[in-house]
file target20.csv (CSV, C-alpha atoms)
chain,number,residue,atom,x,y,z
X,1487,MET,CA,-151.4,134.5,-56.4
X,1488,ASP,CA,-153.6,135.9,-53.6
X,1489,LEU,CA,-155.4,134.1,-50.7
X,1490,ARG,CA,-158.7,134.3,-52.5
X,1491,HIS,CA,-157.4,132.0,-55.2
X,1492,LEU,CA,-156.4,129.5,-52.5
X,1493,ARG,CA,-159.8,129.7,-50.8
X,1494,TYR,CA,-161.6,129.2,-54.2
X,1495,PHE,CA,-159.4,126.3,-55.1
X,1496,ILE,CA,-159.9,124.5,-51.7
X,1497,ALA,CA,-163.7,124.9,-52.0
X,1498,VAL,CA,-163.8,123.4,-55.6
X,1499,ALA,CA,-161.4,120.6,-54.6
X,1500,GLU,CA,-163.5,119.7,-51.5
X,1501,GLU,CA,-166.9,120.0,-53.2
X,1502,GLY,CA,-165.8,118.3,-56.5
X,1503,ASN,CA,-168.2,120.5,-58.3
X,1504,LEU,CA,-168.1,124.1,-59.5
X,1505,GLY,CA,-171.8,124.7,-58.8
X,1506,ARG,CA,-171.7,123.5,-55.2
X,1507,ALA,CA,-168.4,125.4,-54.6
X,1508,ALA,CA,-170.0,128.6,-55.9
X,1509,LEU,CA,-172.9,128.2,-53.5
X,1510,ARG,CA,-170.6,127.6,-50.6
X,1511,LEU,CA,-168.6,130.7,-51.5
X,1512,HIS,CA,-171.7,132.8,-52.1
X,1513,ILE,CA,-170.6,133.8,-55.6
X,1514,SER,CA,-171.8,132.9,-59.1
X,1515,GLN,CA,-170.2,130.1,-61.1
X,1516,PRO,CA,-168.6,132.0,-64.0
X,1517,PRO,CA,-166.3,134.2,-61.9
X,1518,LEU,CA,-165.3,131.1,-59.9
X,1519,THR,CA,-164.4,129.3,-63.1
X,1520,ARG,CA,-162.3,132.2,-64.2
X,1521,GLN,CA,-160.5,132.3,-60.9
X,1522,ILE,CA,-159.6,128.6,-61.2
X,1523,GLN,CA,-158.4,129.1,-64.7
X,1524,GLN,CA,-156.2,132.1,-63.6
X,1525,LEU,CA,-154.7,129.9,-60.8
X,1526,GLU,CA,-153.9,127.1,-63.3
X,1527,ASP,CA,-152.3,129.6,-65.7
X,1528,GLU,CA,-150.2,131.2,-63.0
X,1529,LEU,CA,-149.0,127.8,-61.8
X,1530,GLY,CA,-148.6,126.5,-65.3
X,1531,VAL,CA,-150.2,123.1,-64.4
X,1532,CYS,CA,-153.6,121.6,-64.7
X,1533,LEU,CA,-155.1,121.2,-61.2
X,1534,PHE,CA,-158.5,119.6,-62.2
X,1535,ARG,CA,-159.8,117.1,-64.8
X,1536,ARG,CA,-163.2,118.2,-66.0
X,1537,THR,CA,-165.6,115.2,-65.9
X,1538,PRO,CA,-169.3,114.8,-66.5
X,1539,LYS,CA,-169.8,114.6,-62.8
X,1540,GLY,CA,-167.8,117.6,-61.9
X,1541,MET,CA,-164.1,118.3,-61.1
X,1542,GLU,CA,-161.4,115.8,-60.1
X,1543,LEU,CA,-158.0,116.7,-58.8
X,1544,THR,CA,-155.0,115.8,-60.9
X,1545,GLN,CA,-151.9,114.5,-59.2
X,1546,ALA,CA,-150.5,118.1,-59.2
X,1547,GLY,CA,-153.9,119.3,-57.8
X,1548,GLU,CA,-153.8,116.8,-55.0
X,1549,LEU,CA,-150.3,118.0,-54.0
X,1550,PHE,CA,-151.4,121.7,-54.3
X,1551,LEU,CA,-154.5,121.0,-52.1
X,1552,GLU,CA,-152.3,119.7,-49.3
X,1553,GLU,CA,-150.0,122.8,-49.6
X,1554,ALA,CA,-153.0,125.2,-49.9
X,1555,ARG,CA,-154.5,123.8,-46.7
X,1556,ASN,CA,-151.2,124.3,-44.9
X,1557,ILE,CA,-151.0,127.8,-46.1
X,1558,ARG,CA,-154.5,128.5,-45.0
X,1559,ALA,CA,-153.7,127.1,-41.5
X,1560,VAL,CA,-150.6,129.3,-41.3
X,1561,VAL,CA,-152.5,132.4,-42.3
X,1562,GLU,CA,-155.3,131.7,-39.8
X,1563,GLN,CA,-152.7,131.2,-37.1
X,1564,ALA,CA,-150.9,134.4,-38.0
X,1565,THR,CA,-154.2,136.3,-38.1
X,1566,GLU,CA,-155.2,135.0,-34.7
X,1567,ARG,CA,-151.8,135.7,-33.1
X,1568,THR,CA,-151.8,139.2,-34.6
X,1569,GLN,CA,-155.2,139.8,-33.2
X,1570,ARG,CA,-154.2,138.5,-29.8
X,1571,ALA,CA,-151.1,140.8,-29.9
X,1572,GLY,CA,-153.3,143.7,-30.7
X,1573,GLN,CA,-155.5,142.9,-27.7
X,1574,GLY,CA,-152.4,142.7,-25.4
X,1575,LYS,CA,-152.7,138.9,-25.1
X,1576,LEU,CA,-149.4,138.0,-26.8
X,1577,GLY,CA,-145.9,139.4,-26.5
X,1578,ARG,CA,-143.5,140.4,-23.7
X,1579,LEU,CA,-143.8,142.5,-20.6
X,1580,ASP,CA,-140.6,143.7,-18.9
X,1581,VAL,CA,-141.3,144.5,-15.3
X,1582,ALA,CA,-138.9,146.3,-12.8
X,1583,ILE,CA,-139.3,145.4,-9.1
X,1584,PHE,CA,-137.8,146.6,-5.9
X,1585,GLY,CA,-138.7,146.9,-2.3
X,1586,SER,CA,-141.0,145.2,0.2
X,1587,ALA,CA,-144.0,145.0,-2.2
X,1588,ILE,CA,-142.3,142.1,-3.9
X,1589,LEU,CA,-143.2,140.2,-0.8
X,1590,ASP,CA,-146.9,140.5,-1.3
X,1591,ALA,CA,-148.7,142.8,-3.7
X,1592,ILE,CA,-146.5,142.5,-6.8
X,1593,PRO,CA,-146.5,138.6,-7.0
X,1594,LYS,CA,-150.3,138.6,-6.6
X,1595,LEU,CA,-150.7,141.2,-9.3
X,1596,LEU,CA,-148.3,139.4,-11.7
X,1597,LEU,CA,-150.1,136.1,-11.1
X,1598,SER,CA,-153.4,137.6,-11.8
X,1599,PHE,CA,-152.1,139.0,-15.1
X,1600,ARG,CA,-150.5,135.7,-16.1
X,1601,ASN,CA,-153.7,133.8,-15.4
X,1602,THR,CA,-155.6,136.1,-17.9
X,1603,HIS,CA,-152.7,136.6,-20.4
X,1604,PRO,CA,-150.8,133.2,-20.4
X,1605,GLU,CA,-149.2,133.9,-23.8
X,1606,VAL,CA,-147.5,137.1,-22.6
X,1607,LYS,CA,-144.0,136.4,-21.4
X,1608,VAL,CA,-143.3,138.4,-18.1
X,1609,VAL,CA,-139.6,139.2,-17.6
X,1610,LEU,CA,-138.6,140.6,-14.2
X,1611,HIS,CA,-135.7,143.0,-13.5
X,1612,THR,CA,-134.5,144.1,-10.1
X,1613,MET,CA,-133.9,147.8,-10.2
X,1614,THR,CA,-133.8,150.7,-7.8
X,1615,LYS,CA,-136.2,153.7,-8.2
X,1616,ALA,CA,-133.6,155.7,-10.2
X,1617,GLU,CA,-132.7,152.7,-12.3
X,1618,GLN,CA,-136.4,152.1,-13.1
X,1619,LEU,CA,-137.0,155.6,-14.2
X,1620,ASP,CA,-133.9,155.5,-16.5
X,1621,ALA,CA,-134.9,152.2,-17.9
X,1622,LEU,CA,-138.5,153.4,-18.6
X,1623,ARG,CA,-137.2,156.5,-20.5
X,1624,GLN,CA,-134.7,154.3,-22.4
X,1625,ARG,CA,-137.6,151.8,-23.2
X,1626,ARG,CA,-135.8,148.9,-21.6
X,1627,ILE,CA,-138.8,148.1,-19.4
X,1628,THR,CA,-142.5,148.4,-19.8
X,1629,VAL,CA,-143.5,149.0,-16.2
X,1630,GLY,CA,-141.9,149.4,-12.8
X,1631,PHE,CA,-143.1,149.4,-9.2
X,1632,ASN,CA,-142.1,151.8,-6.5
X,1633,ARG,CA,-143.2,154.1,-3.6
X,1634,MET,CA,-142.9,157.8,-2.8
X,1635,LEU,CA,-143.3,158.9,-6.4
X,1636,GLY,CA,-143.9,162.5,-7.3
X,1637,PRO,CA,-144.9,164.1,-10.6
X,1638,MET,CA,-142.4,163.2,-13.4
X,1639,ALA,CA,-142.2,164.3,-17.0
X,1640,GLU,CA,-143.1,161.6,-19.5
X,1641,ILE,CA,-143.9,159.1,-16.6
X,1642,GLY,CA,-147.3,158.1,-15.6
X,1643,THR,CA,-148.4,156.3,-12.4
X,1644,GLU,CA,-151.2,154.0,-11.5
X,1645,LEU,CA,-151.9,153.3,-7.8
X,1646,VAL,CA,-151.7,149.6,-6.9
X,1647,THR,CA,-152.5,149.6,-3.2
X,1648,THR,CA,-152.2,151.6,0.0
X,1649,GLU,CA,-150.5,149.9,3.0
X,1650,SER,CA,-150.6,150.7,6.7
X,1651,LEU,CA,-147.4,151.1,8.6
X,1652,LEU,CA,-146.5,148.7,11.5
X,1653,LEU,CA,-143.5,148.4,13.8
X,1654,ALA,CA,-141.2,145.4,13.7
X,1655,VAL,CA,-139.9,144.6,17.2
X,1656,HIS,CA,-137.8,141.9,18.7
X,1657,GLU,CA,-139.7,139.4,20.7
X,1658,ARG,CA,-137.7,140.2,23.8
X,1659,ASP,CA,-138.2,143.9,23.5
X,1660,PRO,CA,-140.7,145.1,26.2
X,1661,LEU,CA,-142.7,146.7,23.3
X,1662,SER,CA,-143.6,143.3,22.0
X,1663,ALA,CA,-145.8,142.7,25.1
X,1664,LEU,CA,-148.1,145.5,23.9
X,1665,PRO,CA,-151.0,144.7,21.5
X,1666,ALA,CA,-150.5,148.2,20.0
X,1667,ILE,CA,-147.6,150.6,20.4
X,1668,PRO,CA,-147.7,154.3,21.0
X,1669,PHE,CA,-146.0,156.1,18.1
X,1670,ARG,CA,-143.8,158.1,20.4
X,1671,ALA,CA,-142.1,154.9,21.4
X,1672,LEU,CA,-139.9,155.5,18.3
X,1673,ALA,CA,-138.4,158.4,20.2
X,1674,ASP,CA,-137.0,156.1,22.9
X,1675,ASN,CA,-135.7,153.2,20.8
X,1676,PRO,CA,-133.0,152.9,18.2
X,1677,VAL,CA,-134.6,152.8,14.7
X,1678,VAL,CA,-133.5,150.9,11.6
X,1679,LEU,CA,-134.4,152.8,8.4
X,1680,PHE,CA,-134.6,151.7,4.8
X,1681,PRO,CA,-133.9,152.2,1.9
X,1682,THR,CA,-130.7,154.1,1.3
X,1683,GLY,CA,-130.5,155.6,-2.1
X,1684,ALA,CA,-132.4,158.2,-4.2
X,1685,ARG,CA,-134.6,160.6,-2.3
X,1686,PRO,CA,-137.4,161.1,-1.6
X,1687,ASN,CA,-138.0,157.6,-0.3
X,1688,PHE,CA,-139.4,155.7,2.7
X,1689,VAL,CA,-136.8,157.1,5.0
X,1690,ASP,CA,-138.2,160.6,4.4
X,1691,LYS,CA,-141.7,159.3,5.1
X,1692,VAL,CA,-140.6,157.9,8.5
X,1693,MET,CA,-138.7,161.1,9.4
X,1694,ALA,CA,-141.6,163.3,8.5
X,1695,LEU,CA,-144.0,161.3,10.7
X,1696,CYS,CA,-141.6,161.6,13.6
X,1697,HIS,CA,-141.2,165.3,13.1
X,1698,GLU,CA,-144.9,165.7,13.0
X,1699,ARG,CA,-145.0,164.2,16.5
X,1700,GLY,CA,-142.3,166.5,17.7
X,1701,PHE,CA,-139.2,164.3,18.0
X,1702,GLU,CA,-136.1,163.2,16.1
X,1703,PRO,CA,-135.7,159.4,15.9
X,1704,LEU,CA,-132.5,157.8,17.0
X,1705,VAL,CA,-131.3,156.1,13.8
X,1706,SER,CA,-129.2,153.1,14.5
X,1707,GLN,CA,-128.8,151.9,10.8
X,1708,GLU,CA,-129.9,152.9,7.3
X,1709,VAL,CA,-130.1,149.8,5.0
X,1710,GLY,CA,-131.0,149.0,1.5
X,1711,ASP,CA,-134.3,147.2,1.8
X,1712,ALA,CA,-137.0,145.8,4.2
X,1713,VAL,CA,-135.5,142.4,4.4
X,1714,THR,CA,-132.3,143.7,5.7
X,1715,GLY,CA,-134.1,146.1,8.1
X,1716,VAL,CA,-136.2,143.3,9.6
X,1717,ALA,CA,-133.1,141.0,9.8
X,1718,LEU,CA,-131.4,143.7,11.9
X,1719,VAL,CA,-134.4,143.9,14.2
X,1720,ALA,CA,-134.0,140.1,14.7
X,1721,SER,CA,-130.3,140.8,15.6
X,1722,GLY,CA,-131.2,143.4,18.2
X,1723,PHE,CA,-130.3,146.6,16.3
X,1724,GLY,CA,-133.6,148.3,17.2
X,1725,VAL,CA,-137.1,148.6,15.8
X,1726,CYS,CA,-138.1,149.2,12.2
X,1727,LEU,CA,-141.2,150.9,10.7
X,1728,VAL,CA,-142.4,148.7,7.8
X,1729,PRO,CA,-145.3,148.6,5.3
X,1730,GLU,CA,-147.9,145.9,5.9
X,1731,SER,CA,-146.5,143.8,3.1
X,1732,ALA,CA,-143.2,143.3,5.0
X,1733,THR,CA,-145.1,141.3,7.6
X,1734,THR,CA,-144.9,138.3,5.3
X,1735,LEU,CA,-141.2,138.2,6.4
X,1736,GLN,CA,-141.5,135.6,9.2
X,1737,ILE,CA,-138.0,136.0,10.6
X,1738,PRO,CA,-137.5,134.2,14.0
X,1739,GLY,CA,-137.5,136.6,16.9
X,1740,VAL,CA,-139.4,139.4,15.1
X,1741,LEU,CA,-143.0,140.4,15.8
X,1742,TYR,CA,-145.2,143.1,14.1
X,1743,ARG,CA,-147.3,145.5,16.0
X,1744,PRO,CA,-149.8,148.2,14.9
X,1745,PHE,CA,-149.8,151.7,16.4
X,1746,VAL,CA,-152.4,152.7,19.0
X,1747,ASP,CA,-152.2,156.3,17.9
X,1748,ALA,CA,-150.9,156.2,14.3
X,1749,PRO,CA,-150.4,159.5,12.6
X,1750,SER,CA,-153.0,160.3,9.9
X,1751,GLN,CA,-150.3,159.7,7.2
X,1752,ALA,CA,-149.0,156.5,8.6
X,1753,PHE,CA,-149.5,154.6,5.3
X,1754,VAL,CA,-147.6,154.3,2.1
X,1755,ASP,CA,-148.7,153.9,-1.5
X,1756,LEU,CA,-147.4,151.4,-4.0
X,1757,SER,CA,-147.6,152.6,-7.6
X,1758,CYS,CA,-147.0,151.1,-11.1
X,1759,VAL,CA,-145.0,153.5,-13.3
X,1760,PHE,CA,-145.0,153.5,-17.1
X,1761,ARG,CA,-144.3,155.8,-20.1
X,1762,VAL,CA,-147.3,158.0,-20.9
X,1763,ASP,CA,-146.5,157.7,-24.6
X,1764,ASP,CA,-146.5,153.9,-24.6
X,1765,GLN,CA,-149.5,152.9,-26.6
X,1766,SER,CA,-148.8,149.1,-26.5
X,1767,PRO,CA,-151.8,146.8,-26.1
X,1768,ILE,CA,-149.9,144.8,-23.5
X,1769,LEU,CA,-149.4,147.9,-21.3
X,1770,ARG,CA,-153.1,148.8,-21.6
X,1771,ALA,CA,-154.0,145.2,-20.6
X,1772,PHE,CA,-151.6,145.2,-17.7
X,1773,LEU,CA,-152.9,148.6,-16.4
X,1774,ASP,CA,-156.5,147.1,-16.6
X,1775,THR,CA,-155.2,144.3,-14.4
X,1776,VAL,CA,-153.7,146.8,-11.9
X,1777,ARG,CA,-157.0,148.7,-11.6
X,1778,ALA,CA,-159.0,145.4,-11.1
X,1779,PHE,CA,-156.4,144.4,-8.4
X,1780,ARG,CA,-156.8,147.7,-6.7
X,1781,GLU,CA,-160.5,147.4,-6.6
X,1782,ARG,CA,-160.3,143.9,-5.1
X,1783,GLN,CA,-157.9,145.2,-2.4
X,1784,SER,CA,-160.2,148.1,-1.6
X,1785,ALA,CA,-163.1,145.8,-1.2
X,1786,ARG,CA,-161.3,143.7,1.5
X,1787,PRO,CA,-162.9,144.0,4.9
call {"tool": "encode", "arguments": {"input": "target20.csv", "output": "structure tokens"}}
result
Amino acid sequence: MDLRHLRYFIAVAEEGNLGRAALRLHISQPPLTRQIQQLEDELGVCLFRRTPKGMELTQAGELFLEEARNIRAVVEQATERTQRAGQGKLGRLDVAIFGSAILDAIPKLLLSFRNTHPEVKVVLHTMTKAEQLDALRQRRITVGFNRMLGPMAEIGTELVTTESLLLAVHERDPLSALPAIPFRALADNPVVLFPTGARPNFVDKVMALCHERGFEPLVSQEVGDAVTGVALVASGFGVCLVPESATTLQIPGVLYRPFVDAPSQAFVDLSCVFRVDDQSPILRAFLDTVRAFRERQSARP
């Protein structure tokens, strides 16, 4: 039995007449008659009583009409879901996150994707940069987010946003009285750096900016993430250079100040990473969302 048999049967049952059913199906009556006969032969039951007025369902035919409609509905649903999956609108997206971007850009991006793809299940995994890359190559995640990413075999990157760097200072630090801080102030104050772990990372970025200005920063602590870094500023351990997204951390006693003379490279990129050989529709749809998000961010005044 094929789906065409079911379609023809439902049309005849609903029209109650072979001629009208043939017109509805855009076929001639003789082949429709043969299809109904073949269906009855295959089932081994009589589905219709032939009457002078047309075709009437037998008891078996009434039962089969109910089942045929159910089968049609299931097939239509399966077809629609398959098409939605092929368009990246249905399925699962495994996302690795880490760092200060989870405080701002990443939640906004994921919310934008969820709003346009509500039937895709988004599953978050907290992973360091090295763990993200391993998980991508092992196909345990679809995308990751990180900074300071160089060229990598089999791994592609898509820029999400570029953030300016600011200085987190304690409210009782004399620097907090300045509306903008000279960059060389980092030479005269203990500096909290983050993150520890695989290099290159944001620590290397900060050190390079200081070296460009001709000084070596006095490092008081190296910690795992921006949250810990800003918390140490609140506890009086020093100042901390942070991406703009970290300013959403409103920790009592901490203020954020721009630089009056920021180096030309005083910014940091956030990128989405993925396998270049991943041809899944969900990944393509997500990368489209990333590009649209980046354009909106670039258009901000």
call {"tool": "residues_near_point", "arguments": {"input": "target20.csv", "point": "(-162.9, 121.4, -56.6)", "cutoff": "10 Å", "atoms": "all atoms listed in the file", "output": "short mmCIF file (atom, residue, chain, number, x, y, z; two decimals) with C-alpha atoms, keeping the file's coordinate frame"}}
result
data_model
loop_
_atom_site.label_atom_id
_atom_site.label_comp_id
_atom_site.auth_asym_id
_atom_site.auth_seq_id
_atom_site.Cartn_x
_atom_site.Cartn_y
_atom_site.Cartn_z
CA TYR X 1494 -161.60 129.20 -54.20
CA PHE X 1495 -159.40 126.30 -55.10
CA ILE X 1496 -159.90 124.50 -51.70
CA ALA X 1497 -163.70 124.90 -52.00
CA VAL X 1498 -163.80 123.40 -55.60
CA ALA X 1499 -161.40 120.60 -54.60
CA GLU X 1500 -163.50 119.70 -51.50
CA GLU X 1501 -166.90 120.00 -53.20
CA GLY X 1502 -165.80 118.30 -56.50
CA ASN X 1503 -168.20 120.50 -58.30
CA LEU X 1504 -168.10 124.10 -59.50
CA GLY X 1505 -171.80 124.70 -58.80
CA ARG X 1506 -171.70 123.50 -55.20
CA ALA X 1507 -168.40 125.40 -54.60
CA ILE X 1522 -159.60 128.60 -61.20
CA LEU X 1533 -155.10 121.20 -61.20
CA PHE X 1534 -158.50 119.60 -62.20
CA ARG X 1535 -159.80 117.10 -64.80
CA ARG X 1536 -163.20 118.20 -66.00
CA GLY X 1540 -167.80 117.60 -61.90
CA MET X 1541 -164.10 118.30 -61.10
CA GLU X 1542 -161.40 115.80 -60.10
CA LEU X 1543 -158.00 116.70 -58.80
CA GLY X 1547 -153.90 119.30 -57.80
CA LEU X 1551 -154.50 121.00 -52.10
#
call {"tool": "residues_around", "arguments": {"input": "target20.csv", "residues": "region 1619-1630 of chain X", "least_positions_apart": "4", "cutoff": "8 Å", "atoms": "only C-alpha atoms", "output": "PDB file with C-alpha atoms, in the frame of the given file"}}
result
ATOM      1  CA  LEU X1579    -143.800 142.500 -20.600  1.00  0.00           C
ATOM      2  CA  ASP X1580    -140.600 143.700 -18.900  1.00  0.00           C
ATOM      3  CA  VAL X1581    -141.300 144.500 -15.300  1.00  0.00           C
ATOM      4  CA  ALA X1582    -138.900 146.300 -12.800  1.00  0.00           C
ATOM      5  CA  ILE X1583    -139.300 145.400  -9.100  1.00  0.00           C
ATOM      6  CA  LYS X1615    -136.200 153.700  -8.200  1.00  0.00           C
ATOM      7  CA  GLU X1640    -143.100 161.600 -19.500  1.00  0.00           C
ATOM      8  CA  CYS X1758    -147.000 151.100 -11.100  1.00  0.00           C
ATOM      9  CA  VAL X1759    -145.000 153.500 -13.300  1.00  0.00           C
ATOM     10  CA  PHE X1760    -145.000 153.500 -17.100  1.00  0.00           C
ATOM     11  CA  ARG X1761    -144.300 155.800 -20.100  1.00  0.00           C
ATOM     12  CA  LEU X1769    -149.400 147.900 -21.300  1.00  0.00           C
TER      13      LEU X1769
END
call {"tool": "atom_distance", "arguments": {"input": "target20.csv", "atom1": "CA of Pro1660 (chain X)", "atom2": "CA of Gly1585 (chain X)"}}
result
28.6 Å
call {"tool": "residues_around", "arguments": {"input": "target20.csv", "residues": "region 1669-1673 of chain X", "least_positions_apart": "6", "cutoff": "8 Å", "atoms": "all atoms listed in the file", "output": "list of chain:residue names"}}
result
X:Cys1696, X:Arg1699, X:Phe1701, X:Glu1702, X:Pro1703, X:Leu1704, X:Val1725, X:Phe1745, X:Val1746, X:Asp1747, X:Ala1748, X:Pro1749
call {"tool": "residues_near_point", "arguments": {"input": "target20.csv", "point": "(-136.1, 140.7, 17.4)", "cutoff": "7 Å", "atoms": "all atoms listed in the file", "output": "VMD selection string"}}
result
chain X and resid 1655 to 1658 1719 to 1722 1739 to 1740
call {"tool": "residues_around", "arguments": {"input": "target20.csv", "residues": "region 1596-1599 of chain X", "least_positions_apart": "6", "cutoff": "12 Å", "atoms": "only C-alpha atoms", "output": "VMD selection string"}}
result
chain X and resid 1574 to 1575 1579 to 1583 1587 to 1588 1590 1605 to 1610 1629 to 1631 1646 1758 1768 to 1780 1782
call {"tool": "write_last_selection", "arguments": {"input": "target20.csv", "atoms": "C-alpha atoms", "output": "mmCIF file, in the coordinates of the input"}}
result
data_model
loop_
_atom_site.group_PDB
_atom_site.id
_atom_site.type_symbol
_atom_site.label_atom_id
_atom_site.label_comp_id
_atom_site.auth_asym_id
_atom_site.auth_seq_id
_atom_site.Cartn_x
_atom_site.Cartn_y
_atom_site.Cartn_z
ATOM 1 C CA GLY X 1574 -152.400 142.700 -25.400
ATOM 2 C CA LYS X 1575 -152.700 138.900 -25.100
ATOM 3 C CA LEU X 1579 -143.800 142.500 -20.600
ATOM 4 C CA ASP X 1580 -140.600 143.700 -18.900
ATOM 5 C CA VAL X 1581 -141.300 144.500 -15.300
ATOM 6 C CA ALA X 1582 -138.900 146.300 -12.800
ATOM 7 C CA ILE X 1583 -139.300 145.400 -9.100
ATOM 8 C CA ALA X 1587 -144.000 145.000 -2.200
ATOM 9 C CA ILE X 1588 -142.300 142.100 -3.900
ATOM 10 C CA ASP X 1590 -146.900 140.500 -1.300
ATOM 11 C CA GLU X 1605 -149.200 133.900 -23.800
ATOM 12 C CA VAL X 1606 -147.500 137.100 -22.600
ATOM 13 C CA LYS X 1607 -144.000 136.400 -21.400
ATOM 14 C CA VAL X 1608 -143.300 138.400 -18.100
ATOM 15 C CA VAL X 1609 -139.600 139.200 -17.600
ATOM 16 C CA LEU X 1610 -138.600 140.600 -14.200
ATOM 17 C CA VAL X 1629 -143.500 149.000 -16.200
ATOM 18 C CA GLY X 1630 -141.900 149.400 -12.800
ATOM 19 C CA PHE X 1631 -143.100 149.400 -9.200
ATOM 20 C CA VAL X 1646 -151.700 149.600 -6.900
ATOM 21 C CA CYS X 1758 -147.000 151.100 -11.100
ATOM 22 C CA ILE X 1768 -149.900 144.800 -23.500
ATOM 23 C CA LEU X 1769 -149.400 147.900 -21.300
ATOM 24 C CA ARG X 1770 -153.100 148.800 -21.600
ATOM 25 C CA ALA X 1771 -154.000 145.200 -20.600
ATOM 26 C CA PHE X 1772 -151.600 145.200 -17.700
ATOM 27 C CA LEU X 1773 -152.900 148.600 -16.400
ATOM 28 C CA ASP X 1774 -156.500 147.100 -16.600
ATOM 29 C CA THR X 1775 -155.200 144.300 -14.400
ATOM 30 C CA VAL X 1776 -153.700 146.800 -11.900
ATOM 31 C CA ARG X 1777 -157.000 148.700 -11.600
ATOM 32 C CA ALA X 1778 -159.000 145.400 -11.100
ATOM 33 C CA PHE X 1779 -156.400 144.400 -8.400
ATOM 34 C CA ARG X 1780 -156.800 147.700 -6.700
ATOM 35 C CA ARG X 1782 -160.300 143.900 -5.100
#
call {"tool": "closest_residue", "arguments": {"input": "target20.csv", "among": "X:Leu1664, X:Ala1639, X:Leu1509, X:Leu1489", "to": "Asp1763 (chain X)", "atoms": "only C-alpha atoms"}}
result
X:Ala1639
call {"tool": "closest_residue", "arguments": {"input": "target20.csv", "among": "X:Glu1553, X:Glu1708, X:Glu1698, X:Asp1659", "to": "Pro1681 (chain X)", "atoms": "only C-alpha atoms"}}
result
X:Glu1708
call {"tool": "closest_residue", "arguments": {"input": "target20.csv", "among": "X:Val1560, X:Leu1661, X:Leu1651, X:Leu1756", "to": "Glu1730 (chain X)", "atoms": "only C-alpha atoms"}}
result
X:Leu1651
call {"tool": "atom_distance", "arguments": {"input": "target20.csv", "atom1": "CA of Gln1765 (chain X)", "atom2": "CA of Thr1568 (chain X)"}}
result
16.0 Å
call {"tool": "closest_residue", "arguments": {"input": "target20.csv", "among": "X:Phe1688, X:Val1677, X:Glu1781, X:Asp1764", "to": "Phe1723 (chain X)", "atoms": "only C-alpha atoms"}}
result
X:Val1677
call {"tool": "residues_around", "arguments": {"input": "target20.csv", "residues": "Leu1589 (chain X)", "least_positions_apart": "3", "cutoff": "7 Å", "atoms": "all atoms listed in the file", "output": "list in words"}}
result
Ser1586, Ser1731, Ala1732 and Thr1734 of chain X
call {"tool": "closest_residue", "arguments": {"input": "target20.csv", "among": "X:Thr1519, X:Ser1766, X:Ser1757, X:Thr1682", "to": "Ala1712 (chain X)", "atoms": "all atoms listed in the file"}}
result
X:Thr1682
call {"tool": "build_atoms", "arguments": {"input": "target20.csv", "residues": "region 1649-1661 of chain X", "atoms": "N, CA and C atoms", "output": "PDB file, in the frame of the given file"}}
result
ATOM      1  N   GLU X1649    -150.820 150.760   1.875  1.00  0.00           N
ATOM      2  CA  GLU X1649    -150.500 149.900   3.000  1.00  0.00           C
ATOM      3  C   GLU X1649    -150.338 150.677   4.281  1.00  0.00           C
ATOM      4  N   SER X1650    -150.881 150.143   5.361  1.00  0.00           N
ATOM      5  CA  SER X1650    -150.600 150.700   6.700  1.00  0.00           C
ATOM      6  C   SER X1650    -149.198 150.435   7.110  1.00  0.00           C
ATOM      7  N   LEU X1651    -148.697 151.264   8.041  1.00  0.00           N
ATOM      8  CA  LEU X1651    -147.400 151.100   8.600  1.00  0.00           C
ATOM      9  C   LEU X1651    -147.447 150.393   9.952  1.00  0.00           C
ATOM     10  N   LEU X1652    -146.547 149.441  10.180  1.00  0.00           N
ATOM     11  CA  LEU X1652    -146.500 148.700  11.500  1.00  0.00           C
ATOM     12  C   LEU X1652    -145.045 148.816  11.989  1.00  0.00           C
ATOM     13  N   LEU X1653    -144.866 148.358  13.214  1.00  0.00           N
ATOM     14  CA  LEU X1653    -143.500 148.400  13.800  1.00  0.00           C
ATOM     15  C   LEU X1653    -143.043 146.962  14.009  1.00  0.00           C
ATOM     16  N   ALA X1654    -141.851 146.681  13.452  1.00  0.00           N
ATOM     17  CA  ALA X1654    -141.200 145.400  13.700  1.00  0.00           C
ATOM     18  C   ALA X1654    -140.351 145.516  14.939  1.00  0.00           C
ATOM     19  N   VAL X1655    -140.589 144.618  15.903  1.00  0.00           N
ATOM     20  CA  VAL X1655    -139.900 144.600  17.200  1.00  0.00           C
ATOM     21  C   VAL X1655    -139.329 143.250  17.484  1.00  0.00           C
ATOM     22  N   HIS X1656    -138.281 143.215  18.291  1.00  0.00           N
ATOM     23  CA  HIS X1656    -137.800 141.900  18.700  1.00  0.00           C
ATOM     24  C   HIS X1656    -138.682 141.334  19.783  1.00  0.00           C
ATOM     25  N   GLU X1657    -138.814 140.013  19.777  1.00  0.00           N
ATOM     26  CA  GLU X1657    -139.700 139.400  20.700  1.00  0.00           C
ATOM     27  C   GLU X1657    -139.356 139.577  22.173  1.00  0.00           C
ATOM     28  N   ARG X1658    -138.090 139.903  22.443  1.00  0.00           N
ATOM     29  CA  ARG X1658    -137.700 140.200  23.800  1.00  0.00           C
ATOM     30  C   ARG X1658    -137.738 141.653  24.180  1.00  0.00           C
ATOM     31  N   ASP X1659    -138.070 142.487  23.210  1.00  0.00           N
ATOM     32  CA  ASP X1659    -138.200 143.900  23.500  1.00  0.00           C
ATOM     33  C   ASP X1659    -139.516 144.096  24.308  1.00  0.00           C
ATOM     34  N   PRO X1660    -139.482 144.895  25.371  1.00  0.00           N
ATOM     35  CA  PRO X1660    -140.700 145.100  26.200  1.00  0.00           C
ATOM     36  C   PRO X1660    -141.882 145.610  25.329  1.00  0.00           C
ATOM     37  N   LEU X1661    -141.614 146.281  24.201  1.00  0.00           N
ATOM     38  CA  LEU X1661    -142.700 146.700  23.300  1.00  0.00           C
ATOM     39  C   LEU X1661    -143.532 145.583  22.787  1.00  0.00           C
TER      40      LEU X1661
END
